[in-house]
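See structure below.
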Amino acid sequence: MITVFDMHGGYDENNGGFLLLKNGPVYLNSVTNDIDVSPIIILSACDTSPVDKGSDSVSDGFFRSGAITLISSALRIHSGLSSIFVARLLERIRMLLPIELKIRRIRWSTFVSGMIRRTYYLELANRLQTELKFSTDVRNKILFETGMLIDPIADNWHKSCFEIILKYTGKDNSWLEKFIETQFQFFECLKYFQLGRPDLIILEK
């Protein structure tokens with residue numbers, strides 16, 4: 001079972017991590033003894049596992065309640081883009097997972113990391129298309145060829161993906177690195193972490 005929280009969240013120095021509901025913030029420290037949680041929690045909310053805070057974050061609260069693994073944000077996230085991220089993950093579960101499970105068992109950690117890599121290169125290709133004005137056909141070729149390297153993952157996949165992008169854009173490596181540094185350094189999907197023990201969850205038909 002998976003539970004998704006797609007809402008506002010944050011961290012209060014005095015009370016710890018919270019999720020913002022209609023009637024106000026709910027601090028996870030105050031409810032963790034009273035709830036049963038899914039083994040997999042997806043937190044599409046800001047600062048659910050902030051990198052500069054203590055052990056009373058939203059993520060910590062769910063772990064204390066029995067969650068096995070979380071997809072959680074280390075920083076503030078854009079609400080619209082985070083909703084798209086979650087929608088893509090759920091669509092991947094609905095459409096792709098049944099097909100893959102006909103072939104093999106899959107670790108949840110592998111499934112999620114593959115989706116994050118695909119999302120990164122999808123958004124990078126979209127941003128490059130806007131910058132360089134190449135055709136949708138070129139964009140789709142980049143996505144197809146990089147997709148073959150990142151899910152399942154191949155050796156030297158990042159270097160090979162760069163080579164594919166350079167092949168279709170006609171740019172050199174220094175240009176691409178500068179473009180990513182200045183316009184795509186920390187895109188939304190890179191703000192999410194898999195926490196806990198996602199490797200313990202095996203998906204099978």
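Following the order of the structure tokens, chains are lettered A, B, ..., residues in each are numbered from 1, and ligands are numbered from 1.
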
Once you count only C-alpha atoms, what closest atom pair and distance in Å to one decimal does each residue of region 71-120 of chain A within 12 Å of region 132-144 of chain A have, with rows by chain and rising residue number, as CSV?
residue,atom,partner,partner_atom,distance
A:Arg117,CA,A:Leu143,CA,11.2
A:Arg118,CA,A:Leu143,CA,8.3
A:Thr119,CA,A:Leu143,CA,10.0
A:Tyr120,CA,A:Leu143,CA,10.5

Original post:
Hey, what's within 8 Å of region 151-163 of chain A if we count only C-alpha atoms and toss same-chain stuff fewer than 2 positions away? As a VMD selection string, please?
Top reply: chain A and resid 114 to 115 117 to 118 145 to 149 165 to 167 173

Keeping N, CA and C atoms, export the residues of the selection given above as a compact mmCIF listing (two decimals), in the first residue's frame.
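This is the output file selection.txt:
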# COMPACT_ATOMS: atom_id res chain seq x y z
N GLY A 114 14.73 4.83 -11.15
CA GLY A 114 14.59 4.88 -12.61
C GLY A 114 13.65 5.98 -13.03
N MET A 115 12.57 6.18 -12.29
CA MET A 115 11.62 7.23 -12.62
C MET A 115 12.24 8.60 -12.43
N ARG A 117 15.44 9.40 -12.65
CA ARG A 117 16.38 9.63 -13.75
C ARG A 117 15.64 10.00 -15.03
N ARG A 118 14.57 9.28 -15.33
CA ARG A 118 13.80 9.59 -16.54
C ARG A 118 13.22 11.00 -16.47
N GLU A 145 16.83 7.29 -26.59
CA GLU A 145 18.18 6.75 -26.46
C GLU A 145 18.71 6.88 -25.03
N THR A 146 18.41 8.00 -24.37
CA THR A 146 18.84 8.11 -22.97
C THR A 146 18.04 7.15 -22.10
N GLY A 147 16.77 6.97 -22.42
CA GLY A 147 15.94 6.05 -21.66
C GLY A 147 16.44 4.62 -21.68
N MET A 148 17.05 4.22 -22.77
CA MET A 148 17.60 2.87 -22.88
C MET A 148 18.80 2.68 -21.97
N LEU A 149 19.41 3.78 -21.53
CA LEU A 149 20.61 3.71 -20.70
C LEU A 149 20.32 3.87 -19.20
N ILE A 165 23.01 13.57 -26.06
CA ILE A 165 22.52 14.94 -26.16
C ILE A 165 23.41 15.78 -27.07
N LEU A 166 24.71 15.63 -26.92
CA LEU A 166 25.64 16.38 -27.76
C LEU A 166 25.51 15.99 -29.22
N LYS A 167 25.28 14.72 -29.47
CA LYS A 167 25.12 14.23 -30.85
C LYS A 167 23.94 14.91 -31.54
N ASN A 173 30.69 19.56 -24.89
CA ASN A 173 30.46 19.20 -23.50
C ASN A 173 30.51 20.42 -22.57

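Those residues in region 47-151 of chain A carrying a DSSP assignment of strand (DSSP E or B), computed from the backbone, are Thr69, Leu70, Ile71, Ser72, Ser73, Ile106 and Arg107 of chain A.
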
**OP:** Select from region 125-192 of chain A everything DSSP, run on the backbone, classes as alpha helix (DSSP H), then give the selection as an NGL selection string.
**Re:** :A and (125-132 or 136-150 or 157-169 or 173-183)

Original post:
What lies within 12 Å of Val51 (chain A) using only C-alpha atoms, ignoring chain neighbours under 4 positions off, as a PyMOL selection string?
Top reply: chain A and resi 11+46-47+55-57+59+72-76+191-193

Residues near region 183-187 of chain A, cut-off 12 Å, only C-alpha atoms, skip fewer than 6 positions along chain, as a compact mmCIF listing (two decimals) with all heavy atoms, in the first residue's frame:
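Wrote it out as result15.txt, contents follow:
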# COMPACT_ATOMS: atom_id res chain seq x y z
N ALA A 74 14.03 17.36 0.45
CA ALA A 74 15.10 17.92 1.29
C ALA A 74 15.05 19.44 1.34
O ALA A 74 15.64 20.05 2.23
CB ALA A 74 16.46 17.49 0.74
N LEU A 75 14.33 20.05 0.40
CA LEU A 75 14.27 21.50 0.28
C LEU A 75 12.85 21.92 -0.04
O LEU A 75 11.96 21.08 -0.21
CB LEU A 75 15.23 21.99 -0.82
CG LEU A 75 16.70 21.67 -0.64
CD1 LEU A 75 17.44 21.90 -1.95
CD2 LEU A 75 17.30 22.53 0.46
N ARG A 76 12.64 23.21 -0.16
CA ARG A 76 11.34 23.70 -0.63
C ARG A 76 11.15 23.29 -2.09
O ARG A 76 12.10 23.28 -2.88
CB ARG A 76 11.25 25.22 -0.50
CG ARG A 76 11.23 25.68 0.95
CD ARG A 76 10.94 27.17 1.04
NE ARG A 76 10.81 27.58 2.43
CZ ARG A 76 9.69 27.49 3.14
NH1 ARG A 76 8.61 27.00 2.57
NH2 ARG A 76 9.65 27.88 4.40
N ILE A 77 9.92 22.94 -2.43
CA ILE A 77 9.63 22.50 -3.79
C ILE A 77 8.50 23.34 -4.36
O ILE A 77 7.70 23.92 -3.64
CB ILE A 77 9.25 21.00 -3.83
CG1 ILE A 77 8.12 20.70 -2.85
CG2 ILE A 77 10.48 20.14 -3.52
CD1 ILE A 77 7.68 19.26 -2.85
N HIS A 78 8.45 23.40 -5.69
CA HIS A 78 7.42 24.14 -6.40
C HIS A 78 6.15 23.30 -6.43
O HIS A 78 6.16 22.15 -6.86
CB HIS A 78 7.91 24.43 -7.83
CG HIS A 78 6.98 25.28 -8.62
ND1 HIS A 78 5.84 24.78 -9.23
CD2 HIS A 78 7.02 26.60 -8.93
CE1 HIS A 78 5.23 25.74 -9.88
NE2 HIS A 78 5.91 26.85 -9.70
N LEU A 81 5.06 21.84 -9.93
CA LEU A 81 6.00 20.84 -10.45
C LEU A 81 6.01 19.59 -9.58
O LEU A 81 6.17 18.47 -10.09
CB LEU A 81 7.40 21.44 -10.53
CG LEU A 81 7.60 22.56 -11.55
CD1 LEU A 81 9.01 23.13 -11.47
CD2 LEU A 81 7.33 22.06 -12.97
N SER A 82 5.84 19.76 -8.27
CA SER A 82 5.82 18.59 -7.40
C SER A 82 4.59 17.73 -7.66
O SER A 82 4.65 16.50 -7.61
CB SER A 82 5.88 19.01 -5.93
OG SER A 82 4.71 19.72 -5.56
N PHE A 85 5.32 15.75 -10.69
CA PHE A 85 6.24 14.67 -10.34
C PHE A 85 5.47 13.48 -9.78
O PHE A 85 5.67 12.33 -10.18
CB PHE A 85 7.27 15.17 -9.33
CG PHE A 85 8.19 14.11 -8.80
CD1 PHE A 85 9.34 13.78 -9.47
CD2 PHE A 85 7.90 13.46 -7.61
CE1 PHE A 85 10.20 12.80 -8.99
CE2 PHE A 85 8.74 12.48 -7.11
CZ PHE A 85 9.89 12.15 -7.81
N ILE A 116 13.03 8.78 -11.35
CA ILE A 116 13.67 10.08 -11.12
C ILE A 116 14.67 10.40 -12.23
O ILE A 116 14.74 11.54 -12.72
CB ILE A 116 14.35 10.10 -9.74
CG1 ILE A 116 13.28 10.07 -8.63
CG2 ILE A 116 15.24 11.32 -9.58
CD1 ILE A 116 13.84 9.95 -7.23
N ARG A 117 15.44 9.40 -12.65
CA ARG A 117 16.38 9.63 -13.75
C ARG A 117 15.64 10.00 -15.03
O ARG A 117 16.04 10.92 -15.76
CB ARG A 117 17.26 8.40 -13.96
CG ARG A 117 18.30 8.16 -12.89
CD ARG A 117 19.30 7.11 -13.30
NE ARG A 117 18.68 5.80 -13.47
CZ ARG A 117 18.55 4.90 -12.50
NH1 ARG A 117 18.96 5.17 -11.27
NH2 ARG A 117 17.98 3.73 -12.74
N THR A 119 12.73 11.38 -15.31
CA THR A 119 12.16 12.71 -15.16
C THR A 119 13.22 13.78 -15.38
O THR A 119 12.97 14.80 -16.04
CB THR A 119 11.55 12.87 -13.75
OG1 THR A 119 10.50 11.92 -13.58
CG2 THR A 119 10.98 14.27 -13.55
N TYR A 120 14.41 13.54 -14.85
CA TYR A 120 15.50 14.51 -15.03
C TYR A 120 15.80 14.72 -16.51
O TYR A 120 15.87 15.87 -16.99
CB TYR A 120 16.75 14.03 -14.30
CG TYR A 120 17.94 14.94 -14.50
CD1 TYR A 120 18.11 16.08 -13.72
CD2 TYR A 120 18.88 14.69 -15.50
CE1 TYR A 120 19.19 16.93 -13.91
CE2 TYR A 120 19.96 15.52 -15.69
CZ TYR A 120 20.11 16.65 -14.90
OH TYR A 120 21.18 17.49 -15.10
N TYR A 121 15.97 13.65 -17.25
CA TYR A 121 16.33 13.80 -18.66
C TYR A 121 15.17 14.28 -19.51
O TYR A 121 15.38 14.97 -20.52
CB TYR A 121 16.92 12.49 -19.20
CG TYR A 121 18.34 12.31 -18.75
CD1 TYR A 121 18.66 11.47 -17.70
CD2 TYR A 121 19.37 13.01 -19.35
CE1 TYR A 121 19.97 11.33 -17.26
CE2 TYR A 121 20.69 12.88 -18.93
CZ TYR A 121 20.97 12.04 -17.88
OH TYR A 121 22.27 11.91 -17.44
N LEU A 122 13.94 13.97 -19.11
CA LEU A 122 12.79 14.53 -19.80
C LEU A 122 12.77 16.04 -19.67
O LEU A 122 12.62 16.76 -20.67
CB LEU A 122 11.50 13.92 -19.22
CG LEU A 122 10.19 14.60 -19.66
CD1 LEU A 122 9.99 14.49 -21.16
CD2 LEU A 122 9.00 14.00 -18.90
N GLU A 123 12.93 16.53 -18.45
CA GLU A 123 12.89 17.98 -18.25
C GLU A 123 14.11 18.67 -18.85
O GLU A 123 14.01 19.80 -19.34
CB GLU A 123 12.77 18.29 -16.76
CG GLU A 123 11.48 17.81 -16.13
CD GLU A 123 10.23 18.41 -16.76
OE1 GLU A 123 10.34 19.47 -17.42
OE2 GLU A 123 9.15 17.82 -16.62
N LEU A 124 15.26 17.99 -18.82
CA LEU A 124 16.44 18.57 -19.46
C LEU A 124 16.22 18.68 -20.97
O LEU A 124 16.55 19.71 -21.58
CB LEU A 124 17.67 17.71 -19.16
CG LEU A 124 18.98 18.14 -19.83
CD1 LEU A 124 19.33 19.59 -19.48
CD2 LEU A 124 20.12 17.19 -19.45
N ALA A 125 15.66 17.64 -21.59
CA ALA A 125 15.38 17.68 -23.02
C ALA A 125 14.38 18.78 -23.35
O ALA A 125 14.53 19.49 -24.35
CB ALA A 125 14.87 16.32 -23.50
N ASN A 126 13.36 18.93 -22.50
CA ASN A 126 12.38 19.99 -22.73
C ASN A 126 13.03 21.37 -22.64
O ASN A 126 12.75 22.25 -23.47
CB ASN A 126 11.26 19.90 -21.69
CG ASN A 126 10.34 18.72 -21.93
OD1 ASN A 126 10.30 18.15 -23.02
ND2 ASN A 126 9.59 18.33 -20.91
N ARG A 127 13.89 21.55 -21.65
CA ARG A 127 14.56 22.85 -21.48
C ARG A 127 15.51 23.13 -22.65
O ARG A 127 15.59 24.26 -23.13
CB ARG A 127 15.31 22.85 -20.15
CG ARG A 127 15.84 24.22 -19.71
CD ARG A 127 14.72 25.15 -19.30
NE ARG A 127 13.98 24.64 -18.16
CZ ARG A 127 14.31 24.85 -16.90
NH1 ARG A 127 15.40 25.54 -16.59
NH2 ARG A 127 13.56 24.40 -15.92
N LEU A 128 16.21 22.10 -23.10
CA LEU A 128 17.11 22.27 -24.24
C LEU A 128 16.33 22.57 -25.52
O LEU A 128 16.76 23.37 -26.36
CB LEU A 128 17.95 21.00 -24.43
CG LEU A 128 19.06 20.79 -23.41
CD1 LEU A 128 19.62 19.38 -23.52
CD2 LEU A 128 20.19 21.81 -23.59
N THR A 130 13.52 24.17 -25.73
CA THR A 130 13.12 25.57 -25.65
C THR A 130 14.30 26.50 -25.96
O THR A 130 14.15 27.51 -26.67
CB THR A 130 12.58 25.89 -24.24
OG1 THR A 130 11.44 25.07 -23.98
CG2 THR A 130 12.20 27.35 -24.11
N GLU A 131 15.49 26.15 -25.47
CA GLU A 131 16.67 26.98 -25.68
C GLU A 131 17.17 26.93 -27.12
O GLU A 131 17.52 27.97 -27.70
CB GLU A 131 17.78 26.51 -24.73
CG GLU A 131 19.13 27.21 -24.91
CD GLU A 131 19.13 28.62 -24.37
OE1 GLU A 131 18.18 28.99 -23.61
OE2 GLU A 131 20.08 29.36 -24.69
N TRP A 175 29.67 23.49 -23.23
CA TRP A 175 28.43 24.24 -23.37
C TRP A 175 27.31 23.59 -22.56
O TRP A 175 26.57 24.27 -21.84
CB TRP A 175 28.00 24.32 -24.84
CG TRP A 175 26.76 25.16 -25.04
CD1 TRP A 175 26.70 26.49 -25.33
CD2 TRP A 175 25.39 24.72 -24.93
NE1 TRP A 175 25.40 26.92 -25.41
CE2 TRP A 175 24.57 25.84 -25.18
CE3 TRP A 175 24.79 23.50 -24.67
CZ2 TRP A 175 23.18 25.78 -25.15
CZ3 TRP A 175 23.40 23.42 -24.64
CH2 TRP A 175 22.61 24.55 -24.87
N LEU A 176 27.19 22.28 -22.67
CA LEU A 176 26.13 21.57 -21.95
C LEU A 176 26.32 21.68 -20.44
O LEU A 176 25.35 21.91 -19.71
CB LEU A 176 26.10 20.10 -22.38
CG LEU A 176 25.02 19.22 -21.74
CD1 LEU A 176 23.63 19.80 -22.01
CD2 LEU A 176 25.11 17.80 -22.27
N GLU A 177 27.54 21.53 -19.97
CA GLU A 177 27.79 21.64 -18.53
C GLU A 177 27.45 23.05 -18.02
O GLU A 177 26.87 23.20 -16.94
CB GLU A 177 29.25 21.32 -18.23
CG GLU A 177 29.59 19.83 -18.38
CD GLU A 177 31.03 19.53 -18.05
OE1 GLU A 177 31.82 20.50 -17.94
OE2 GLU A 177 31.37 18.35 -17.91

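If only C-alpha atoms are the atoms counted, then among A:Gly196, A:Gly170, A:Gly16, A:Gly10 the closest residue to Ser109 (chain A) is A:Gly196.
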
Original post:
Between A:Leu43, A:Leu97, A:Leu90, A:Val58, which one has atoms that come closest to Val26 (chain A), using only C-alpha atoms?
Top reply: A:Val58

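Residue neighbourhood of Leu101 (chain A), excluding near-sequence residues (fewer than 4 positions): Ile93, Arg94, Met95, Leu96, Leu97, Arg105, Ile106, Arg107, Trp108, Phe111, Ile202, Leu203, Glu204 and Lys205 of chain A, at 12 Å, using only C-alpha atoms.
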
Original post:
Hey, which of A:Ser30, A:Asn23, A:Ser44, A:Thr69 ends up closest to Phe5 (chain A)? Count only C-alpha atoms.
Top reply: A:Ser44

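Taking only C-alpha atoms into account, Ser49 (chain A) lies nearest to A:Leu19 out of the set A:Leu19, A:Gln129, A:Pro98, A:Ile68.
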
Original post:
Which polymer residues have any atom within 6 Å of an atom of Ala45 (chain A), counting only C-alpha atoms, with same-chain residues fewer than 3 positions away left out, as a count of residues only?
Top reply: 3

**OP:** Compile the contact shell of Ile2 (chain A) as an NGL selection string: residues with an atom at most 7 Å away, counting only C-alpha atoms, same-chain residues fewer than 2 positions apart removed.
**Re:** :A and (4 or 38-41)
